[in-house]
Each structure stands twice: as structure tokens, then as C-alpha cells.
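Novice: Please read through the structure below; I'll follow up with questions.
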Amino acid sequence: MVAAALLAVAAPLSGQVGPSFEGSVHPEAREAIDGLWSPYCPGLMLEVCTSQGGAAMRDSIQIMAENGLGADSIIEYWVAEFGEKYRAEPRFSGAGIWAWLLPPLMGLAGLGLALSVLARRRSRAPGGPAPVDAPTVDQQARLADAMARLDREEAPDF
């Protein structure tokens with residue numbers, strides 16, 4: 001019955017064309033407008049729809065809000081009129097719950113995968129160069145001979 005009364009109030013406004021109440025939008029109307037996709041501009045929110053139908057719908061929402069309806073009631077009215085696909089935020093029940101739960105779950109799964117890959121790479125990576133034993137006496141003598149020979153070969157002949 002309330003919906004019929006609202007429709008009677010909003011119906012004369014549906015033929016109007018022109019700017020919405022941009023200067024003084026009722027807070028409940030703003031919330032309702034932000035919560036609906038436009039049935040007149042496919043793929044656009046009602047807020048940015050430039051068609052005459054979108055402007056008339058925004059005007060009707062403004063009138064509904066000024067008559068005391070809350071944003072949720074206004075959204076429910078228009079969803080009943082045009083269908084559930086015009087609700088901007090899915091309900092947190094039924095199949096709509098997946099729209100709320102799936103993105104964070106996928107983010108957590110991706111983070112877990114990245115952390116496991118990093119942990120696996122870290123465990124395979126060597127911890128640094130292998131420790132070097134001190135040279136033996138024989139190795140030190142050979143090194144000294146090689147350095148002396150290099151110095152003699154590189155010495156200028158003049």
C-alpha cells in the first residue's frame with residue numbers, strides 16, 4: 001500500500017526532464033542514489049546516468065526521501081520495480097554472500113601462495129659463500145713463488 005502511494009507521488013515526476021536536486025540532495029536520497037545501478041544507462045550508476053529517465057528517477061528518489069522514506073526502503077522499491085540486478089551492493093545473504101566473501105578469500109589465498117613461494121625460495125637459496133679453510137704451509141709457499149715470478153715478469157726492462 002505504501003509502495004502504491006509512493007508510486008502515485010512519484011509518477012507525475014517521471015515525465016520531468018532536467019537537472020536533479022543537485023544543490024540540496026536529501027541524505028537518504030543520496031544514499032539511495034549511490035546504492036542503485038541505472039536502468040536507463042546500462043553499466044552506469046544512477047548517480048552518473050545522463051538520460052532523462054535517470055534524471056526523473058533521481059528526482060523521484062528525492063521526493064521519496066523528503067516524504068520520510070529511508071534509503072533502504074527506497075532501494076527496495078526500485079529493486080522491486082526493475083529487478084535485483086540494479087542493486088549496487090549485493091545482499092549479505094543467499095548467493096550475494098559470495099560477492100562479499102570471495103574477494104577477501106581470494107586475496108588471502110594469493111597472499112598465502114606468495115608467502116609459500118618466498119619461503120620455498122629462501123630455503124633453497126645458499127646462505128652465503130662456503131667457508132674457506134686457511135691455506136696450508138705448502139699453499140702459502142707456492143703462492144709466494146707465483147707472486148715473485150709475476151713481479152719479475154712485469155718489471156720494466158729499461
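Residues are named by chain letter and number: chains run A, B, ... in the order of the C-alpha cells, numbers start at 1 in each chain, and ligands are numbered from 1 in the order shown.
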Set the distance at 12 Å and use only C-alpha atoms: which residues neighbour Ala71 of chain A once local chain neighbours fewer than 5 positions away are removed? I'd like the list as a PyMOL selection string.
Specialist: chain A and resi 26-36+61-66+76-78
Novice: Could you turn the residues from that selection into a file that holds N, CA, C and O atoms, as a compact mmCIF listing (two decimals), in the first residue's frame?
Specialist:
# COMPACT_ATOMS: atom_id res chain seq x y z
N HIS A 26 18.74 15.33 -0.43
CA HIS A 26 18.45 14.77 0.88
C HIS A 26 19.45 13.64 1.16
O HIS A 26 19.78 12.87 0.26
N PRO A 27 19.94 13.52 2.40
CA PRO A 27 20.94 12.48 2.71
C PRO A 27 20.44 11.07 2.41
O PRO A 27 21.20 10.23 1.91
N GLU A 28 19.18 10.78 2.68
CA GLU A 28 18.64 9.45 2.38
C GLU A 28 18.55 9.24 0.87
O GLU A 28 18.79 8.15 0.38
N ALA A 29 18.22 10.31 0.14
CA ALA A 29 18.18 10.21 -1.32
C ALA A 29 19.57 9.96 -1.87
O ALA A 29 19.76 9.15 -2.78
N ARG A 30 20.59 10.64 -1.32
CA ARG A 30 21.97 10.46 -1.78
C ARG A 30 22.39 9.01 -1.57
O ARG A 30 22.98 8.39 -2.44
N GLU A 31 22.07 8.46 -0.39
CA GLU A 31 22.44 7.08 -0.10
C GLU A 31 21.72 6.11 -1.04
O GLU A 31 22.31 5.13 -1.52
N ALA A 32 20.46 6.38 -1.32
CA ALA A 32 19.70 5.51 -2.23
C ALA A 32 20.23 5.61 -3.66
O ALA A 32 20.37 4.59 -4.35
N ILE A 33 20.52 6.81 -4.11
CA ILE A 33 21.06 7.00 -5.46
C ILE A 33 22.40 6.29 -5.60
O ILE A 33 22.68 5.65 -6.61
N ASP A 34 23.23 6.35 -4.55
CA ASP A 34 24.52 5.67 -4.58
C ASP A 34 24.38 4.16 -4.52
O ASP A 34 25.32 3.44 -4.84
N GLY A 35 23.23 3.67 -4.11
CA GLY A 35 23.02 2.24 -3.97
C GLY A 35 22.33 1.58 -5.14
O GLY A 35 21.95 0.41 -5.05
N LEU A 36 22.16 2.31 -6.26
CA LEU A 36 21.44 1.75 -7.41
C LEU A 36 22.22 1.92 -8.71
O LEU A 36 22.84 2.96 -8.95
N ILE A 61 13.40 9.78 -6.36
CA ILE A 61 14.06 9.35 -5.13
C ILE A 61 14.15 10.51 -4.15
O ILE A 61 13.95 10.34 -2.95
N GLN A 62 14.43 11.70 -4.65
CA GLN A 62 14.48 12.89 -3.80
C GLN A 62 13.14 13.13 -3.13
O GLN A 62 13.06 13.39 -1.93
N ILE A 63 12.06 13.03 -3.89
CA ILE A 63 10.71 13.23 -3.34
C ILE A 63 10.41 12.16 -2.29
O ILE A 63 9.86 12.46 -1.22
N MET A 64 10.76 10.92 -2.58
CA MET A 64 10.53 9.84 -1.62
C MET A 64 11.26 10.10 -0.31
O MET A 64 10.70 9.90 0.77
N ALA A 65 12.51 10.55 -0.40
CA ALA A 65 13.29 10.84 0.80
C ALA A 65 12.69 12.01 1.58
O ALA A 65 12.63 11.98 2.81
N GLU A 66 12.24 13.02 0.86
CA GLU A 66 11.62 14.17 1.53
C GLU A 66 10.31 13.79 2.21
O GLU A 66 9.89 14.44 3.17
N GLU A 76 14.78 -0.72 -1.99
CA GLU A 76 13.91 -1.90 -2.13
C GLU A 76 12.77 -1.64 -3.11
O GLU A 76 12.40 -2.51 -3.89
N TYR A 77 12.22 -0.42 -3.08
CA TYR A 77 11.14 -0.07 -4.01
C TYR A 77 11.63 -0.18 -5.45
O TYR A 77 10.97 -0.79 -6.29
N TRP A 78 12.79 0.42 -5.75
CA TRP A 78 13.28 0.42 -7.12
C TRP A 78 13.78 -0.95 -7.55
O TRP A 78 13.66 -1.32 -8.72
Novice: Measuring atom to atom with only C-alpha atoms, identify which of A:Gly68, A:Ala155, A:Pro39, A:Leu108 is nearest to Gly54 of chain A.
Specialist: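 Ranked by minimum distance to Gly54 of chain A, first place goes to A:Pro39.
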Novice: Between atom CA of Val132 of chain A and atom CA of Ala119 of chain A, what is the distance, to one decimal in Å?
Specialist: 27.7 Å
Novice: Could you pull out the alpha helix (DSSP H) residues of chain A, going by DSSP on the backbone, and write them as a PyMOL selection string?
Specialist: chain A and resi 2-10+27-34+52-66+71-82+96-124+137-154
Novice: Which residue, A:Met106, A:Pro156, A:Ala134, A:Trp37, has the smallest gap to Pro90 of chain A when you use only C-alpha atoms?
Specialist: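 Closest to Pro90 of chain A, using only C-alpha atoms: A:Trp37.
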Novice: Could you work out how far atom CA of Trp98 of chain A lies from atom CA of Leu111 of chain A, giving the answer in Å with one decimal?
Specialist: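 Going from atom CA of Leu111 of chain A over to atom CA of Trp98 of chain A, I get 19.3 Å.
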Novice: So the first atom is atom CA of Val137 of chain A and the second is atom CA of Glu154 of chain A; what is the distance between them in Å, to one decimal place?
Specialist: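 Atom-to-atom, atom CA of Val137 of chain A and atom CA of Glu154 of chain A are spaced 26.0 Å apart.
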